[in-house]
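Asks: Structure below; questions to follow.
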Amino acid sequence: MINWLKWLVMGAILLMAIAAATVYSTLYLSLPKLEGNSATYHVTQPTHLSRDSLGHAVINAEDLFDAAYALGFAHGQDRFFQMDLQRRAASGNLSAWVGSAALDIDKNARFHQFEQRAQAVFDNLPARQQKLLIRYAHGVNEAIDEFTTLPFEYIAAGMQVTQWRPTDSILVIYSMYLELQDGQVKLDLARTALKDTFGDEIYHFITQQSHFQAALDGSELPLSNAPIPDYPSPFNAADESKNESESADIRAYINGNNNDGLSGDIYDYSGGDIERNRARFNYRGTELPDIGSNNYAVSGAVTPTGAGLLANDMHLSLRVPIIWYRTQLNYSEDGQDISVTGVSLPGVPGIVVGTNGDIAWGFTNANLDNVDWVALNNDTDTTLVTETIPLPSGVHEYTLEVSEFGPVKILNGKRYALNWVAHHTFAANLAITQFGNAKSVDEAIEIGKHIANPTQNLVMVDSEGNVAWMPGGAVLHRETASYTAISEQDMRDNPPRRATKLPVVKNPVSNRIWTANARVIAAKDLPQLGDGGYALGARGRQIRDRLFEKDTFTETDFYAIQLDNHAQFLIPWRNLLTGLLTMQNVEFKPDLTYLNTWGACACDDSVGYTLVKHFRREVVQTLFGEILSSLDEQGVQSRTLLRGIEPATWQLIQTQPNSWLPAGTNTFDELLVDAYRRAKHKLLDKYSPLEANMDKLNWGSVNALTVKHPFSAQIPLIGKKLNMTPVNGFGDTYMPAVQSAEFGASERFFASPGHLDNAILTLPGGQSGHPLSEFFTAGFTDYATQAATPLLPGDIIYSRTFYKKEEE
């Protein structure tokens, strides 16, 4: 019996070893070929694709078209899975891959009909840009034709690789519209629902301006002096004559002090008051992340070299493989040798953020208003369109309503049509590739007027010391921007077209420019350019202040600003919480120790930061949760409104109107302390459910960065090997060092044209998406340790050469 058992165990081990060897050999066979020569019809002269020890793709070509072919080949080798995901996300075809779990994502994409619009955009492009996309697609397809074994993601999902079309690159641009600006689409609908449901007073109260403003010209918007409205009917607080003992019992139950030990997250009470409180205390909406990033620059007047200096870190979702791809393009145009180094976006030819040695440029999400929801008349004709969404087995039919103004959503029985800049043929082009030709900021500004992509803050510097900002990308023209739904007549009076007169700031007297998703346009430009969901402004103001702390800046100084995790924004919240808990010192004595040693930073070891952060969140959710939940029930995304909630929150805390108190709560101090108790219990329930050890609430653990592969959780045993090593959290929102568990700086870029030996490009992952590639994690350690990876490529270790194949 023992011998049989021994042989059974040995046999199982042998089978596992054979399976592991089979998996490894299959993965090994799918590694791309990085060396050798190839013949192709799609280059005009010998074209070289080389890689250094980081996998940095260095391309030497006769012209930009040959370079586009080689870049497509490199992207196809290293990142085809990522490219495929992005075109599927934009076209509404993720469900074919991952099943019905992606149906809502696909329906959202199909609502915009990006597949059809991509063809219209391509047809509208200049012939030169069409040629670039065609040549790039040939490169991608010849790379995937070399696959001897499909990439592991396709084997795991049972999917086949399909060829890359030139219009798929337009879909990748649309995927960035969804990543960067879909929140704006949802915001205007949420504003409309808020105003229609609760009236003008509540609408203006919740959406009021803040003092966190850092426009480039210093202009400020008037702050609200309107009285605080009563809590909106039918949500008014319970009558004060309610039995006090009953209120105390309810309060104890909510706070988790009931005898059965249940936390405040669980309720079983049928009373009307507690039902209303349930919506307040159970609301889980949190601010949208500050997608779009930090971007700041100085003129040569404040650098030791006399050249301009630029910093750029685009804040995006972080995953494996990472979104950006290290690229250097070397080619000739009009008799000039051009070398452009930076990051490209797999799926699209060209450098998105980078430098050509004469200029450097970068982007952040501008959040100008590019959305109108049009309230349709009752008799307006519409058409029903049925979209067929493939599933792994079968299909799902999705029907949408379309009007002459755009696709239609129904909100409270009313039809609204969407007019979004992304729906128009001027939404996308490849004019960004012309930055390689620019010799000065002035030339870059002229190019910036023609680029088309999700509207960005375009910041530029040059080797002569000039610095400039402008909105770069497709902007809808309008006489007056709107924040809630407009009428059909308003739409007809201002038919969609691209804005051509946009502001430019060049060489300001301060010698400094900064953007961080908040308003940087002058107050006088706001009526036309609008507010498409500006960040609160605290982060931008902190960057601005850092730029005025020194008289001279180097790349190292700029890196320090990007890593600034000082908790300036939360200091008033910490002071408020400390004062409240001091009055109840016995219960909260340990808590006060953490608050007094919090370090005023989103630092790894700070428990106090975690407590303050979650206290603020719970207070906001308590005050506004019921109102916002009612909007969610209407089918809108209420959390988009939370970006600007700070002024209203502090007005309530400072004035303490009784009508805003939850049922069974007598004072605002009681509300605030109860909110802290709930926040603390939720944290302990999640991070230390058995020991209730507050030391485990250190911010580094609570906010640890985990850059994951989308399939890692679905692959048993080895799936975790696809993820990057977790990194203790060091930043947060509302500060320059933006970071959450799966979100943060997607690149850290610092460049001074003419002095690129000191330039830096640090990325949160490796160049290749193949887990056996030596480039899979290369460079991530620098990101995790906040080191400075050189921008320029190192010594070449691999090289492919493409020769023109002679016609037969």
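Starting from 1 in every chain, residues are counted up; chains themselves are A, B, ... following the order of the structure tokens, and ligands are numbered from 1 as listed.
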Set the distance at 10 Å and use only C-alpha atoms: which residues neighbour Pro346 in chain A once local chain neighbours fewer than 2 positions away are removed? I'd like the list as a PDB file with C-alpha atoms, in the first residue's frame.

Replies:
ATOM      1  CA  LEU A  71       7.227  50.984 -34.728  1.00  0.00           C
ATOM      2  CA  GLY A  72       4.165  48.932 -35.664  1.00  0.00           C
ATOM      3  CA  ALA A  74       7.873  46.612 -32.366  1.00  0.00           C
ATOM      4  CA  HIS A  75       4.425  47.244 -30.853  1.00  0.00           C
ATOM      5  CA  GLY A  76       3.122  44.052 -32.436  1.00  0.00           C
ATOM      6  CA  ASP A  78       5.885  43.419 -27.454  1.00  0.00           C
ATOM      7  CA  ARG A  79       2.361  44.717 -26.855  1.00  0.00           C
ATOM      8  CA  PHE A  80      -0.175  43.169 -29.214  1.00  0.00           C
ATOM      9  CA  PHE A  81      -2.356  41.888 -26.372  1.00  0.00           C
ATOM     10  CA  GLN A  82      -2.569  45.407 -24.941  1.00  0.00           C
ATOM     11  CA  MET A  83      -3.399  46.853 -28.359  1.00  0.00           C
ATOM     12  CA  ASP A  84      -6.077  44.239 -28.897  1.00  0.00           C
ATOM     13  CA  GLN A  86      -7.812  48.714 -26.319  1.00  0.00           C
ATOM     14  CA  VAL A 140       1.922  45.200 -36.741  1.00  0.00           C
ATOM     15  CA  SER A 169      -5.450  52.842 -34.432  1.00  0.00           C
ATOM     16  CA  VAL A 172      -7.090  53.078 -29.680  1.00  0.00           C
ATOM     17  CA  ILE A 322       1.920  49.304 -18.853  1.00  0.00           C
ATOM     18  CA  ILE A 323       0.282  51.772 -21.189  1.00  0.00           C
ATOM     19  CA  TRP A 324       3.374  53.547 -22.561  1.00  0.00           C
ATOM     20  CA  TYR A 325       6.277  52.208 -24.652  1.00  0.00           C
ATOM     21  CA  VAL A 343       6.784  57.353 -25.022  1.00  0.00           C
ATOM     22  CA  SER A 344       4.540  55.986 -27.732  1.00  0.00           C
ATOM     23  CA  VAL A 348      -0.765  54.385 -32.668  1.00  0.00           C
ATOM     24  CA  PRO A 349       2.288  55.586 -34.648  1.00  0.00           C
ATOM     25  CA  GLY A 350       4.311  58.473 -33.216  1.00  0.00           C
TER      26      GLY A 350
END

Asks: Just list the residues in range 504-744 of chain A DSSP gives strand (DSSP E or B) on the backbone, as a PyMOL selection string.

Replies: chain A and resi 505-506+512-515+566+601+705+708+727+739-740+743-744

Asks: The selected residues should be written to file as a compact mmCIF listing (two decimals), in the first residue's frame (atoms: C-alpha atoms).

Replies:
# COMPACT_ATOMS: atom_id res chain seq x y z
CA VAL A 505 0.29 81.54 -22.56
CA LYS A 506 3.90 82.04 -23.62
CA ARG A 512 6.61 79.19 -14.58
CA ILE A 513 3.72 77.13 -15.95
CA TRP A 514 1.77 74.39 -14.15
CA THR A 515 -1.26 72.22 -14.88
CA HIS A 566 2.89 66.49 1.70
CA CYS A 601 2.22 63.24 4.55
CA LEU A 705 0.55 49.86 -5.30
CA LYS A 708 -1.56 43.60 -12.06
CA VAL A 727 5.06 48.59 -3.57
CA GLN A 739 -1.02 57.07 -6.23
CA SER A 740 -3.66 54.53 -5.28
CA PHE A 743 -3.61 54.14 -10.30
CA GLY A 744 -0.85 56.70 -10.44

Asks: With 10 Å as the cut-off and only C-alpha atoms counted, what is the closest atom pair between each nearby residue of range 162-224 of chain A and range 403-412 of chain A? Distances in Å to one decimal, ordered by chain and number, as JSON lines.

Replies:
{"residue": "A:Leu189", "atom": "CA", "partner": "A:Leu411", "partner_atom": "CA", "distance": 8.6}
{"residue": "A:Thr192", "atom": "CA", "partner": "A:Leu411", "partner_atom": "CA", "distance": 9.3}
{"residue": "A:Ala193", "atom": "CA", "partner": "A:Leu411", "partner_atom": "CA", "distance": 7.7}
{"residue": "A:Asp196", "atom": "CA", "partner": "A:Asn412", "partner_atom": "CA", "distance": 9.5}
{"residue": "A:Thr197", "atom": "CA", "partner": "A:Asn412", "partner_atom": "CA", "distance": 9.5}

Asks: Name the residues in contact with Val520 in chain A at a cut-off of 9 Å, using only C-alpha atoms, excluding same-chain residues fewer than 2 positions from it; report them as a JSON list (two decimals) with C-alpha atoms, in the first residue's frame.

Replies:
[["chain", "number", "residue", "atom", "x", "y", "z"],
["A", 213, "GLN", "CA", -7.69, 77.76, -7.67],
["A", 214, "ALA", "CA", -4.37, 78.19, -9.41],
["A", 215, "ALA", "CA", -5.06, 79.64, -12.86],
["A", 216, "LEU", "CA", -1.94, 80.59, -14.80],
["A", 217, "ASP", "CA", -2.94, 84.26, -14.82],
["A", 218, "GLY", "CA", -3.94, 84.24, -11.14],
["A", 366, "ALA", "CA", -7.49, 69.76, -19.65],
["A", 457, "ASN", "CA", -3.07, 70.90, -21.43],
["A", 514, "TRP", "CA", 1.77, 74.39, -14.15],
["A", 515, "THR", "CA", -1.26, 72.22, -14.88],
["A", 516, "ALA", "CA", -2.88, 69.46, -12.85],
["A", 517, "ASN", "CA", -6.40, 68.85, -14.27],
["A", 518, "ALA", "CA", -7.84, 71.90, -12.51],
["A", 522, "ALA", "CA", -8.25, 82.64, -17.33],
["A", 523, "ALA", "CA", -11.59, 83.41, -15.69],
["A", 540, "GLY", "CA", -2.29, 72.21, -8.87]]

Asks: Going by DSSP on the backbone, which residues of range 456-680 of chain A come out as helix (DSSP H, G or I)? List them as number ranges by chain.

Replies: A: 488-493, 523-529, 538-547, 555-562, 571-582, 585-596, 607-632, 638-644, 646-655, 658-660, 668-680

Asks: The selected residues should be written to file as a short mmCIF file (atom, residue, chain, number, x, y, z; two decimals), in the first residue's frame (atoms: C-alpha atoms).

Replies:
data_model
loop_
_atom_site.label_atom_id
_atom_site.label_comp_id
_atom_site.auth_asym_id
_atom_site.auth_seq_id
_atom_site.Cartn_x
_atom_site.Cartn_y
_atom_site.Cartn_z
CA GLU A 488 -32.77 71.27 -29.30
CA GLN A 489 -32.96 74.88 -30.39
CA ASP A 490 -29.76 75.72 -28.50
CA MET A 491 -28.10 72.86 -30.34
CA ARG A 492 -29.33 74.06 -33.72
CA ASP A 493 -28.18 77.60 -32.97
CA ALA A 523 -11.59 83.41 -15.69
CA LYS A 524 -12.57 85.43 -18.76
CA ASP A 525 -12.25 82.30 -20.94
CA LEU A 526 -14.44 80.12 -18.74
CA PRO A 527 -17.81 81.09 -20.30
CA GLN A 528 -16.68 79.74 -23.69
CA LEU A 529 -14.38 76.87 -22.68
CA ALA A 538 -5.48 71.54 -4.38
CA ARG A 539 -2.87 69.52 -6.26
CA GLY A 540 -2.29 72.21 -8.87
CA ARG A 541 -1.95 74.85 -6.18
CA GLN A 542 0.60 72.75 -4.30
CA ILE A 543 2.67 72.34 -7.48
CA ARG A 544 2.45 76.08 -8.14
CA ASP A 545 3.65 76.82 -4.63
CA ARG A 546 6.58 74.41 -4.99
CA LEU A 547 7.62 76.17 -8.19
CA GLU A 555 15.75 67.74 -13.36
CA THR A 556 16.36 66.52 -9.81
CA ASP A 557 14.40 69.44 -8.38
CA PHE A 558 11.51 68.67 -10.71
CA TYR A 559 11.56 65.00 -9.72
CA ALA A 560 11.23 66.04 -6.07
CA ILE A 561 8.07 68.01 -6.89
CA GLN A 562 6.59 65.02 -8.65
CA ILE A 571 -4.29 69.40 7.37
CA PRO A 572 -7.63 71.13 8.20
CA TRP A 573 -9.29 67.70 8.39
CA ARG A 574 -6.59 66.41 10.72
CA ASN A 575 -6.97 69.49 12.93
CA LEU A 576 -10.74 69.07 12.99
CA LEU A 577 -10.52 65.39 13.90
CA THR A 578 -7.86 65.96 16.56
CA GLY A 579 -10.02 68.62 18.22
CA LEU A 580 -13.09 66.38 18.22
CA LEU A 581 -11.29 63.37 19.67
CA THR A 582 -9.47 65.41 22.30
CA ASN A 585 -9.81 61.65 25.24
CA VAL A 586 -10.47 58.39 27.11
CA GLU A 587 -12.05 56.56 24.17
CA PHE A 588 -9.64 57.90 21.57
CA LYS A 589 -6.34 58.22 23.40
CA PRO A 590 -4.55 55.71 21.08
CA ASP A 591 -6.07 57.39 18.03
CA LEU A 592 -4.74 60.78 19.10
CA THR A 593 -1.23 59.35 19.33
CA TYR A 594 -1.44 58.33 15.68
CA LEU A 595 -2.88 61.70 14.68
CA ASN A 596 -0.17 63.60 16.52
CA VAL A 607 -1.43 55.49 10.44
CA GLY A 608 -2.68 58.98 11.18
CA TYR A 609 -2.88 59.80 7.47
CA THR A 610 -5.07 56.75 6.88
CA LEU A 611 -7.40 57.78 9.69
CA VAL A 612 -7.75 61.37 8.45
CA LYS A 613 -8.25 60.31 4.83
CA HIS A 614 -11.04 57.88 5.68
CA PHE A 615 -12.60 60.22 8.23
CA ARG A 616 -13.04 62.83 5.50
CA ARG A 617 -14.52 60.25 3.14
CA GLU A 618 -17.03 59.07 5.74
CA VAL A 619 -18.09 62.62 6.56
CA VAL A 620 -18.71 63.42 2.90
CA GLN A 621 -20.62 60.19 2.41
CA THR A 622 -22.71 60.83 5.52
CA LEU A 623 -23.65 64.37 4.55
CA PHE A 624 -24.38 63.73 0.87
CA GLY A 625 -24.85 59.97 0.57
CA GLU A 626 -28.63 59.94 0.49
CA ILE A 627 -28.82 62.72 -2.10
CA LEU A 628 -26.22 61.10 -4.34
CA SER A 629 -27.65 57.61 -3.93
CA SER A 630 -30.97 58.89 -5.23
CA LEU A 631 -29.18 60.08 -8.37
CA ASP A 632 -27.50 56.70 -8.83
CA SER A 638 -23.18 60.54 -8.85
CA ARG A 639 -19.53 60.14 -7.83
CA THR A 640 -18.54 62.51 -10.63
CA LEU A 641 -20.02 65.29 -8.48
CA LEU A 642 -17.65 64.53 -5.59
CA ARG A 643 -14.66 66.25 -7.19
CA GLY A 644 -16.06 69.63 -6.18
CA GLU A 646 -15.20 70.23 -0.55
CA PRO A 647 -16.62 73.79 -0.28
CA ALA A 648 -20.13 72.57 0.51
CA THR A 649 -18.78 70.08 3.05
CA TRP A 650 -16.87 72.71 5.01
CA GLN A 651 -19.77 75.15 4.91
CA LEU A 652 -21.91 72.50 6.60
CA ILE A 653 -19.25 71.72 9.19
CA GLN A 654 -18.73 75.39 10.03
CA THR A 655 -22.38 76.50 10.10
CA ASN A 658 -29.85 71.19 11.93
CA SER A 659 -31.73 70.18 8.81
CA TRP A 660 -28.61 68.38 7.52
CA PHE A 668 -22.67 68.10 14.20
CA ASP A 669 -19.97 67.11 16.67
CA GLU A 670 -21.89 63.91 17.22
CA LEU A 671 -22.22 63.40 13.44
CA LEU A 672 -18.49 63.91 12.93
CA VAL A 673 -17.37 61.65 15.78
CA ASP A 674 -19.80 58.95 14.68
CA ALA A 675 -18.42 59.24 11.13
CA TYR A 676 -14.92 58.72 12.50
CA ARG A 677 -16.02 55.64 14.45
CA ARG A 678 -17.54 54.12 11.32
CA ALA A 679 -14.46 54.93 9.25
CA LYS A 680 -12.17 53.37 11.85
#

Asks: In Å, rounded to a single decimal, give me how far CA of Glu549 in chain A is from CA of Gly465 in chain A.

Replies: 19.9 Å

Asks: Find the spatial neighbours of Met314 in chain A, counting only C-alpha atoms, within a cut-off of 9 Å - ignore same-chain residues fewer than 6 positions away - and output them as a PyMOL selection string.

Replies: chain A and resi 291-295+362-365+744-748

Asks: Would you mind listing what lies within 8 Å of Asp757 in chain A as a list in words, with only C-alpha atoms counted and same-chain residues fewer than 2 positions away left out?

Replies: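 The residues satisfying every condition are His755, Ala759, Pro790, Leu791 and Leu792 of chain A.
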
Asks: Restrict the selected residues to C-alpha atoms and save them as a CSV table (one decimal), in the first residue's frame.

Replies:
chain,number,residue,atom,x,y,z
A,755,HIS,CA,20.7,68.8,-22.4
A,759,ALA,CA,16.8,63.7,-19.1
A,790,PRO,CA,17.8,57.8,-18.3
A,791,LEU,CA,15.5,59.0,-21.1
A,792,LEU,CA,18.1,58.2,-23.8

Asks: Could you work out how far CA of Leu178 in chain A lies from CA of Ala109 in chain A, giving the answer in Å with one decimal?

Replies: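 Taking CA of Ala109 in chain A as the start and CA of Leu178 in chain A as the end point, the length is 8.3 Å.
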
Asks: Which neighbours of Ser91 in chain A fall inside 10 Å, counting only C-alpha atoms, when residues of the same chain fewer than 2 positions from it are skipped, and could you give them as an mmCIF file with N, CA and C atoms, in the first residue's frame?

Replies:
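Everything below was put into around26.cif:
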data_model
loop_
_atom_site.group_PDB
_atom_site.id
_atom_site.type_symbol
_atom_site.label_atom_id
_atom_site.label_comp_id
_atom_site.auth_asym_id
_atom_site.auth_seq_id
_atom_site.Cartn_x
_atom_site.Cartn_y
_atom_site.Cartn_z
ATOM 1 N N LEU A 85 -6.718 44.635 -26.571
ATOM 2 C CA LEU A 85 -7.658 45.011 -25.518
ATOM 3 C C LEU A 85 -8.221 46.403 -25.758
ATOM 4 N N GLN A 86 -7.355 47.333 -26.167
ATOM 5 C CA GLN A 86 -7.812 48.714 -26.319
ATOM 6 C C GLN A 86 -8.751 48.878 -27.510
ATOM 7 N N ARG A 87 -8.466 48.193 -28.619
ATOM 8 C CA ARG A 87 -9.416 48.313 -29.735
ATOM 9 C C ARG A 87 -10.736 47.627 -29.405
ATOM 10 N N ARG A 88 -10.657 46.522 -28.634
ATOM 11 C CA ARG A 88 -11.886 45.846 -28.223
ATOM 12 C C ARG A 88 -12.682 46.706 -27.238
ATOM 13 N N ALA A 89 -11.982 47.374 -26.328
ATOM 14 C CA ALA A 89 -12.670 48.222 -25.357
ATOM 15 C C ALA A 89 -13.423 49.343 -26.052
ATOM 16 N N ASN A 93 -16.130 45.042 -27.890
ATOM 17 C CA ASN A 93 -15.942 43.627 -28.194
ATOM 18 C C ASN A 93 -15.153 42.887 -27.122
ATOM 19 N N LEU A 94 -15.155 43.398 -25.895
ATOM 20 C CA LEU A 94 -14.465 42.700 -24.821
ATOM 21 C C LEU A 94 -15.193 41.420 -24.407
ATOM 22 N N ASP A 106 -19.006 46.930 -22.781
ATOM 23 C CA ASP A 106 -19.244 46.888 -24.225
ATOM 24 C C ASP A 106 -20.454 47.726 -24.623
ATOM 25 N N LYS A 107 -21.498 47.694 -23.804
ATOM 26 C CA LYS A 107 -22.682 48.491 -24.122
ATOM 27 C C LYS A 107 -22.354 49.983 -24.099
ATOM 28 N N ASN A 108 -21.531 50.394 -23.141
ATOM 29 C CA ASN A 108 -21.131 51.797 -23.083
ATOM 30 C C ASN A 108 -20.374 52.194 -24.339
ATOM 31 N N ALA A 109 -19.460 51.335 -24.811
ATOM 32 C CA ALA A 109 -18.719 51.634 -26.036
ATOM 33 C C ALA A 109 -19.636 51.609 -27.247
ATOM 34 N N ARG A 110 -20.530 50.628 -27.306
ATOM 35 C CA ARG A 110 -21.450 50.543 -28.458
ATOM 36 C C ARG A 110 -22.390 51.749 -28.499
ATOM 37 N N PHE A 111 -22.700 52.293 -27.325
ATOM 38 C CA PHE A 111 -23.534 53.495 -27.281
ATOM 39 C C PHE A 111 -22.910 54.610 -28.120
ATOM 40 N N HIS A 112 -21.568 54.676 -28.115
ATOM 41 C CA HIS A 112 -20.885 55.729 -28.865
ATOM 42 C C HIS A 112 -20.610 55.338 -30.317
ATOM 43 N N GLN A 113 -20.838 54.081 -30.679
ATOM 44 C CA GLN A 113 -20.669 53.599 -32.063
ATOM 45 C C GLN A 113 -19.288 53.960 -32.630
ATOM 46 N N PHE A 114 -18.275 53.692 -31.831
ATOM 47 C CA PHE A 114 -16.925 54.077 -32.232
ATOM 48 C C PHE A 114 -16.412 53.276 -33.426
ATOM 49 N N GLU A 115 -16.873 52.046 -33.589
ATOM 50 C CA GLU A 115 -16.425 51.249 -34.739
ATOM 51 C C GLU A 115 -16.750 51.971 -36.045
ATOM 52 N N GLN A 116 -17.979 52.463 -36.168
ATOM 53 C CA GLN A 116 -18.381 53.183 -37.376
ATOM 54 C C GLN A 116 -17.686 54.541 -37.473
ATOM 55 N N ARG A 117 -17.541 55.199 -36.342
ATOM 56 C CA ARG A 117 -16.932 56.531 -36.357
ATOM 57 C C ARG A 117 -15.451 56.457 -36.726
ATOM 58 N N ALA A 118 -14.784 55.371 -36.378
ATOM 59 C CA ALA A 118 -13.365 55.236 -36.703
ATOM 60 C C ALA A 118 -13.156 55.274 -38.209
ATOM 61 N N ASP A 168 -8.107 50.539 -36.659
ATOM 62 C CA ASP A 168 -7.956 50.108 -35.273
ATOM 63 C C ASP A 168 -7.128 51.107 -34.464
ATOM 64 N N LEU A 171 -9.438 53.484 -33.142
ATOM 65 C CA LEU A 171 -10.122 52.917 -31.978
ATOM 66 C C LEU A 171 -9.273 53.050 -30.720
ATOM 67 N N VAL A 172 -7.957 52.905 -30.842
ATOM 68 C CA VAL A 172 -7.090 53.078 -29.680
ATOM 69 C C VAL A 172 -7.172 54.515 -29.175
ATOM 70 N N TYR A 174 -9.805 56.369 -29.508
ATOM 71 C CA TYR A 174 -11.109 56.415 -28.836
ATOM 72 C C TYR A 174 -11.038 55.787 -27.445
ATOM 73 N N SER A 175 -10.220 54.737 -27.285
ATOM 74 C CA SER A 175 -10.095 54.133 -25.956
ATOM 75 C C SER A 175 -9.529 55.140 -24.968
ATOM 76 N N ILE A 389 -23.425 41.968 -29.894
ATOM 77 C CA ILE A 389 -22.182 41.842 -29.126
ATOM 78 C C ILE A 389 -21.836 40.370 -29.009
#

Asks: Between CA of Leu772 in chain A and CA of Glu153 in chain A, what is the distance, to one decimal in Å?

Replies: 13.3 Å

Asks: Write out as a list in words which residues come within 7 Å of Asp604 in chain A when counting only C-alpha atoms, dropping same-chain ones fewer than 6 positions away.

Replies: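 Contacts, with the query itself left out: Asn698, Trp699, Gly700, Asn728, Gly729 and Phe730 of chain A.
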
Asks: Convert the current residue selection to file output with N, CA and C atoms, as a short mmCIF file (atom, residue, chain, number, x, y, z; two decimals), in the first residue's frame.

Replies:
data_model
loop_
_atom_site.label_atom_id
_atom_site.label_comp_id
_atom_site.auth_asym_id
_atom_site.auth_seq_id
_atom_site.Cartn_x
_atom_site.Cartn_y
_atom_site.Cartn_z
N ASN A 698 -1.26 51.44 8.62
CA ASN A 698 -0.28 52.35 8.03
C ASN A 698 -0.59 52.54 6.56
N TRP A 699 -0.37 53.77 6.07
CA TRP A 699 -0.78 54.13 4.72
C TRP A 699 -0.07 53.30 3.66
N GLY A 700 1.17 52.92 3.91
CA GLY A 700 1.90 52.13 2.93
C GLY A 700 1.23 50.81 2.63
N ASN A 728 4.85 49.55 -1.34
CA ASN A 728 4.15 50.29 -0.29
C ASN A 728 3.76 51.68 -0.78
N GLY A 729 2.54 52.08 -0.45
CA GLY A 729 2.02 53.36 -0.91
C GLY A 729 2.82 54.54 -0.37
N PHE A 730 2.99 55.55 -1.21
CA PHE A 730 3.74 56.74 -0.78
C PHE A 730 3.04 58.03 -1.16
#

Asks: Using only C-alpha atoms, find the one residue out of A:Pro232, A:Pro227, A:Ser799, A:Lys804 that sits nearest to Asp66 in chain A.

Replies: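 The closest residue to Asp66 in chain A is A:Lys804.
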
Asks: Go through A:Gly300, A:Gly779, A:Gly532, A:Pro764 one by one, measure the shortest atom-to-atom distance of each to Ser510 in chain A using only C-alpha atoms, and give the residue with the smallest value.

Replies: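 Counting only C-alpha atoms, the residue closest to Ser510 in chain A is A:Gly300.
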
Asks: Using only C-alpha atoms, can you tell me which of A:Ala96, A:Ala737, A:Ala535, A:Ala485 comes closest to Gln160 in chain A?

Replies: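 Counting only C-alpha atoms, the residue closest to Gln160 in chain A is A:Ala96.
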